[in-house]
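> To be precise about what I am sending: the file is called entry_8.txt and holds compact mmCIF, C-alpha atoms.
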# COMPACT_ATOMS: atom_id res chain seq x y z
CA MET C 158 6.48 -3.00 11.55
CA LEU C 159 7.61 0.33 10.08
CA MET C 160 4.94 2.02 12.21
CA ALA C 161 6.10 0.13 15.29
CA ARG C 162 9.69 1.18 14.69
CA ALA C 163 8.62 4.82 14.19
CA ALA C 164 6.65 4.66 17.46
CA GLY C 165 9.71 3.38 19.33
CA ILE C 166 8.39 -0.17 19.62
CA ALA C 167 10.69 -3.02 18.66
CA PRO C 168 9.04 -4.84 15.74
CA LYS C 169 9.67 -8.19 17.47
CA ASP C 170 7.43 -7.00 20.35
CA VAL C 171 4.39 -6.52 18.06
CA ASN C 172 1.70 -9.18 17.98
CA TYR C 173 1.14 -9.17 14.21
CA VAL C 174 -1.89 -11.11 12.98
CA PRO C 175 -1.87 -11.81 9.21
CA PHE C 176 -5.14 -12.07 7.27
CA ASP C 177 -5.77 -13.62 3.88
CA GLY C 178 -8.02 -10.79 2.77
CA GLY C 179 -9.93 -7.67 3.63
CA GLY C 180 -13.12 -9.50 4.59
CA GLU C 181 -11.40 -11.50 7.31
CA LEU C 182 -9.70 -8.36 8.66
CA LEU C 183 -12.96 -6.43 8.58
CA ALA C 184 -14.75 -9.13 10.60
CA SER C 185 -11.92 -9.11 13.15
CA LEU C 186 -12.03 -5.33 13.46
CA LEU C 187 -15.82 -5.18 13.83
CA GLY C 188 -15.72 -8.09 16.28
CA ASN C 189 -13.02 -6.43 18.43
CA LYS C 190 -10.62 -9.33 17.83
CA VAL C 191 -7.73 -6.99 16.89
CA ALA C 192 -6.75 -3.54 18.15
CA PHE C 193 -6.38 -2.01 14.68
CA GLY C 194 -5.81 -2.95 11.07
CA VAL C 195 -4.02 -1.56 8.05
CA SER C 196 -5.69 -1.71 4.65
CA GLY C 197 -6.67 0.45 1.70
CA VAL C 198 -9.12 3.20 2.66
CA GLY C 199 -11.32 2.40 -0.33
CA GLU C 200 -11.84 -1.15 0.92
CA TYR C 201 -13.50 0.06 4.13
CA LEU C 202 -14.91 3.43 3.10
CA ASP C 203 -18.52 2.30 3.61
CA GLN C 204 -17.79 1.23 7.20
CA ILE C 205 -15.83 4.43 7.88
CA GLU C 206 -18.65 6.61 6.55
CA ALA C 207 -21.22 4.60 8.55
CA GLY C 208 -19.22 5.16 11.74
CA GLU C 209 -18.53 1.45 12.19
CA LEU C 210 -14.77 1.98 11.81
CA ARG C 211 -12.66 4.96 12.82
CA LEU C 212 -9.96 6.04 10.39
CA LEU C 213 -6.92 6.81 12.55
CA ALA C 214 -4.32 7.83 9.97
CA VAL C 215 -3.32 7.57 6.34
CA THR C 216 -0.06 5.72 5.72
CA GLY C 217 0.84 7.53 2.49
CA PRO C 218 2.59 10.86 2.02
CA LYS C 219 -0.62 12.94 1.84
CA ARG C 220 -4.11 12.94 3.31
CA ALA C 221 -6.89 11.08 1.54
CA PRO C 222 -9.24 13.50 -0.23
CA GLY C 223 -12.53 13.96 1.59
CA LEU C 224 -11.34 12.32 4.82
CA THR C 225 -10.15 14.05 7.98
CA ALA C 226 -7.49 11.57 9.08
CA PRO C 227 -3.90 12.83 9.35
CA THR C 228 -0.95 11.16 7.69
CA LEU C 229 1.29 9.08 9.94
CA ARG C 230 3.86 11.89 9.86
CA GLU C 231 1.24 14.44 10.92
CA ALA C 232 0.31 12.06 13.76
CA GLY C 233 3.93 12.02 14.94
CA LEU C 234 5.25 8.81 13.34
CA ASP C 235 8.18 9.46 11.01
CA THR C 236 7.28 6.88 8.36
CA GLU C 237 5.04 6.33 5.38
CA PHE C 238 4.12 3.41 3.16
CA THR C 239 1.61 2.73 0.45
CA ASN C 240 -0.39 -0.22 -0.74
CA TRP C 241 0.91 -0.75 -4.27
CA ARG C 242 0.41 -3.22 -7.06
CA GLY C 243 2.62 -4.15 -9.98
CA VAL C 244 2.49 -5.87 -13.32
CA VAL C 245 5.37 -8.32 -13.72
CA ALA C 246 6.46 -10.90 -16.28
CA PRO C 247 8.66 -13.99 -16.13
CA PRO C 248 12.42 -13.68 -16.60
CA GLY C 249 13.91 -14.25 -20.00
CA LEU C 250 11.85 -11.72 -21.95
CA SER C 251 13.72 -10.05 -24.75
CA ASP C 252 14.16 -6.27 -24.59
CA ALA C 253 11.61 -5.97 -27.42
CA GLU C 254 9.04 -8.08 -25.54
CA ARG C 255 9.58 -6.09 -22.35
CA ASP C 256 9.28 -2.79 -24.20
CA LYS C 257 6.05 -3.99 -25.85
CA LEU C 258 4.55 -4.90 -22.46
CA VAL C 259 5.62 -1.58 -20.92
CA ALA C 260 4.03 0.26 -23.87
CA LEU C 261 0.80 -1.74 -23.47
CA VAL C 262 0.51 -1.03 -19.74
CA THR C 263 1.37 2.64 -20.37
CA ALA C 264 -1.43 2.86 -22.94
CA LEU C 265 -3.85 1.28 -20.46
CA HIS C 266 -2.70 3.71 -17.77
CA ASP C 267 -3.40 6.64 -20.08
CA SER C 268 -6.93 5.45 -20.94
CA PRO C 269 -10.13 7.09 -19.69
CA GLN C 270 -11.21 3.73 -18.26
CA TRP C 271 -8.09 3.55 -16.07
CA ARG C 272 -8.71 7.08 -14.80
CA ALA C 273 -12.37 6.28 -14.08
CA SER C 274 -11.37 3.16 -12.14
CA MET C 275 -8.83 5.16 -10.11
CA ASN C 276 -11.49 7.72 -9.23
CA THR C 277 -14.06 5.05 -8.36
CA HIS C 278 -11.70 3.29 -5.96
CA GLY C 279 -9.94 6.37 -4.58
CA TRP C 280 -6.54 5.18 -5.77
CA ASP C 281 -3.52 7.46 -6.14
CA ASP C 282 -1.63 7.43 -9.42
CA ALA C 283 1.77 5.94 -8.63
CA PHE C 284 2.55 4.67 -12.13
CA LEU C 285 6.21 3.73 -12.51
CA PRO C 286 6.91 2.03 -15.84
CA GLY C 287 9.94 -0.09 -16.69
CA GLU C 288 13.17 0.65 -14.86
CA ARG C 289 11.50 3.18 -12.55
CA PHE C 290 9.38 0.33 -11.15
CA GLY C 291 12.52 -1.79 -10.76
CA ASP C 292 14.17 1.01 -8.77
CA PHE C 293 11.06 1.29 -6.58
CA LEU C 294 11.09 -2.47 -5.92
CA ALA C 295 14.76 -2.37 -4.96
CA GLU C 296 14.06 0.39 -2.41
CA GLN C 297 11.08 -1.55 -1.03
CA ASP C 298 13.30 -4.62 -0.65
CA ARG C 299 15.82 -2.57 1.36
CA ARG C 300 13.07 -1.26 3.69
CA VAL C 301 11.57 -4.69 4.25
CA ALA C 302 14.98 -6.30 4.76
CA SER C 303 15.81 -3.84 7.55
CA VAL C 304 12.64 -4.76 9.48
CA LEU C 305 13.08 -8.48 8.82
CA LYS C 306 16.60 -8.23 10.22
CA GLU C 307 15.21 -6.67 13.41
CA LEU C 308 12.76 -9.56 13.63
CA GLY C 309 15.60 -12.05 13.24
CA LEU C 310 14.23 -13.36 9.94
Could you show the structure in this file as structure tokens?

Amino acid sequence: MLMARAAGIAPKDVNYVPFDGGGELLASLLGNKVAFGVSGVGEYLDQIEAGELRLLAVTGPKRAPGLTAPTLREAGLDTEFTNWRGVVAPPGLSDAERDKLVALVTALHDSPQWRASMNTHGWDDAFLPGERFGDFLAEQDRRVASVLKELGL
């Protein structure tokens, strides 16, 4: 919906089709059931390289290494978004427990295995530990809330 808004299309006018996973979206794309899809490049790299899918743009702030697709901004849409993941815990953790978990995830992030996995999957390093991740989530909530408001949700 952020792309629709940037293209001057009211988000409520978009026919959004949700999918439970990448496999279902891929089948719909290859079967011409949907006009386009948004997913992680790494998930469909084989189909892109085989010419079965055409990469139109990258939604993040920079181009994907080794691919010729522009960013959304380069394509004329003043927006960007990324596919991110987070590690969360239930409420009620003590400060010491939280700090221990943040230290553990930081150690994993700094490991050679983590780096190798990032390279294998073509992931960007967007590591935001502790409060920095909380700040990121708050900003994401604000962005999503603005689109949901336009949709009347």
> Which of these, C:Asp252, C:Ile166, C:Pro222, C:Leu308, has the shortest distance to C:Asp281 once you count all atoms listed in the file?
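Result for the nearest residue to C:Asp281: C:Pro222.
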> Of the candidates C:Asn276, C:Gln297, C:Thr236, C:Ser196, which one gets nearest to C:Arg162 if we count all atoms listed in the file?
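The answer is C:Thr236, which sits nearest to C:Arg162.
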> Between atom CA of C:Val198 and atom CA of C:His278, what is the spacing in Å?
9.0 Å
> Rank C:Ala164, C:Leu159, C:Ile205, C:Trp271 by their smallest atom-to-atom distance to C:Ala232, using all atoms listed in the file, and report the top residue only.
C:Ala164
> Can you work out which one of C:Leu250, C:Leu234, C:Val304, C:Ala260 has the shortest atom-to-atom distance to C:Gly165, counting only C-alpha atoms?
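Smallest separation from C:Gly165 among the options: C:Leu234.
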> Between C:Ala163, C:Gly197, C:Ala273, C:Glu307, single out the one closest to C:Ala221, counting all atoms listed in the file.
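Distance minimum relative to C:Ala221 lands on C:Gly197.
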> Would you pick out the contacts of C:Val245 at 10 Å or less, using only C-alpha atoms, so that residues sharing its chain but fewer than 6 positions from it are not included, and give the list as a VMD selection string?
chain C and resid 255 258 to 259 287 290
> Find the distance between atom CA of C:Ser274 and atom CA of C:Asp203 and write it in Å to one decimal.
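Atom CA of C:Asp203 lies 17.3 Å from atom CA of C:Ser274.
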> Closest to C:Trp241 among C:Tyr201, C:Trp280, C:Tyr173, C:Phe193, using all atoms listed in the file?
C:Trp280
> Name the residues within 6 Å of (0.0, 5.0, 0.0), counting all atoms listed in the file in the file's coordinates, and put them as a list in words.
Thr216, Gly217, Phe238, Thr239 and Asn240 of chain C
> Keeping only C-alpha atoms, write the selected residues to a file as a PDB file, keeping the file's coordinate frame.

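Saved the output as selection-v4.pdb:
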ATOM      1  CA  THR C 216      -0.060   5.720   5.720  1.00  0.00           C
ATOM      2  CA  GLY C 217       0.840   7.530   2.490  1.00  0.00           C
ATOM      3  CA  PHE C 238       4.120   3.410   3.160  1.00  0.00           C
ATOM      4  CA  THR C 239       1.610   2.730   0.450  1.00  0.00           C
ATOM      5  CA  ASN C 240      -0.390  -0.220  -0.740  1.00  0.00           C
TER       6      ASN C 240
END
> So which residues touch C:Val215 within 8 Å, counting all atoms listed in the file, skipping near sequence neighbours fewer than 2 positions away, as a list in words?
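Residues near the query, excluding close chain neighbours: Leu212, Leu213, Gly217, Lys219, Arg220, Ala221, Ala226, Pro227, Thr228 and Leu229 of chain C.
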> Using Å and a single decimal, report how far atom CA of C:Asp298 sits from atom CA of C:Asp256.
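Atom-to-atom, atom CA of C:Asp256 to atom CA of C:Asp298, that is 24.0 Å.
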> Find the smallest box with edges along x, y and z containing every listed atom of stretch 173-188 of chain C, then add 5 Å on each side and report centre and edge lengths in Å to one decimal, as AutoDock Vina command-line options.

--center_x -7.3 --center_y -9.4 --center_z 9.5 --size_x 27.0 --size_y 18.4 --size_z 23.5
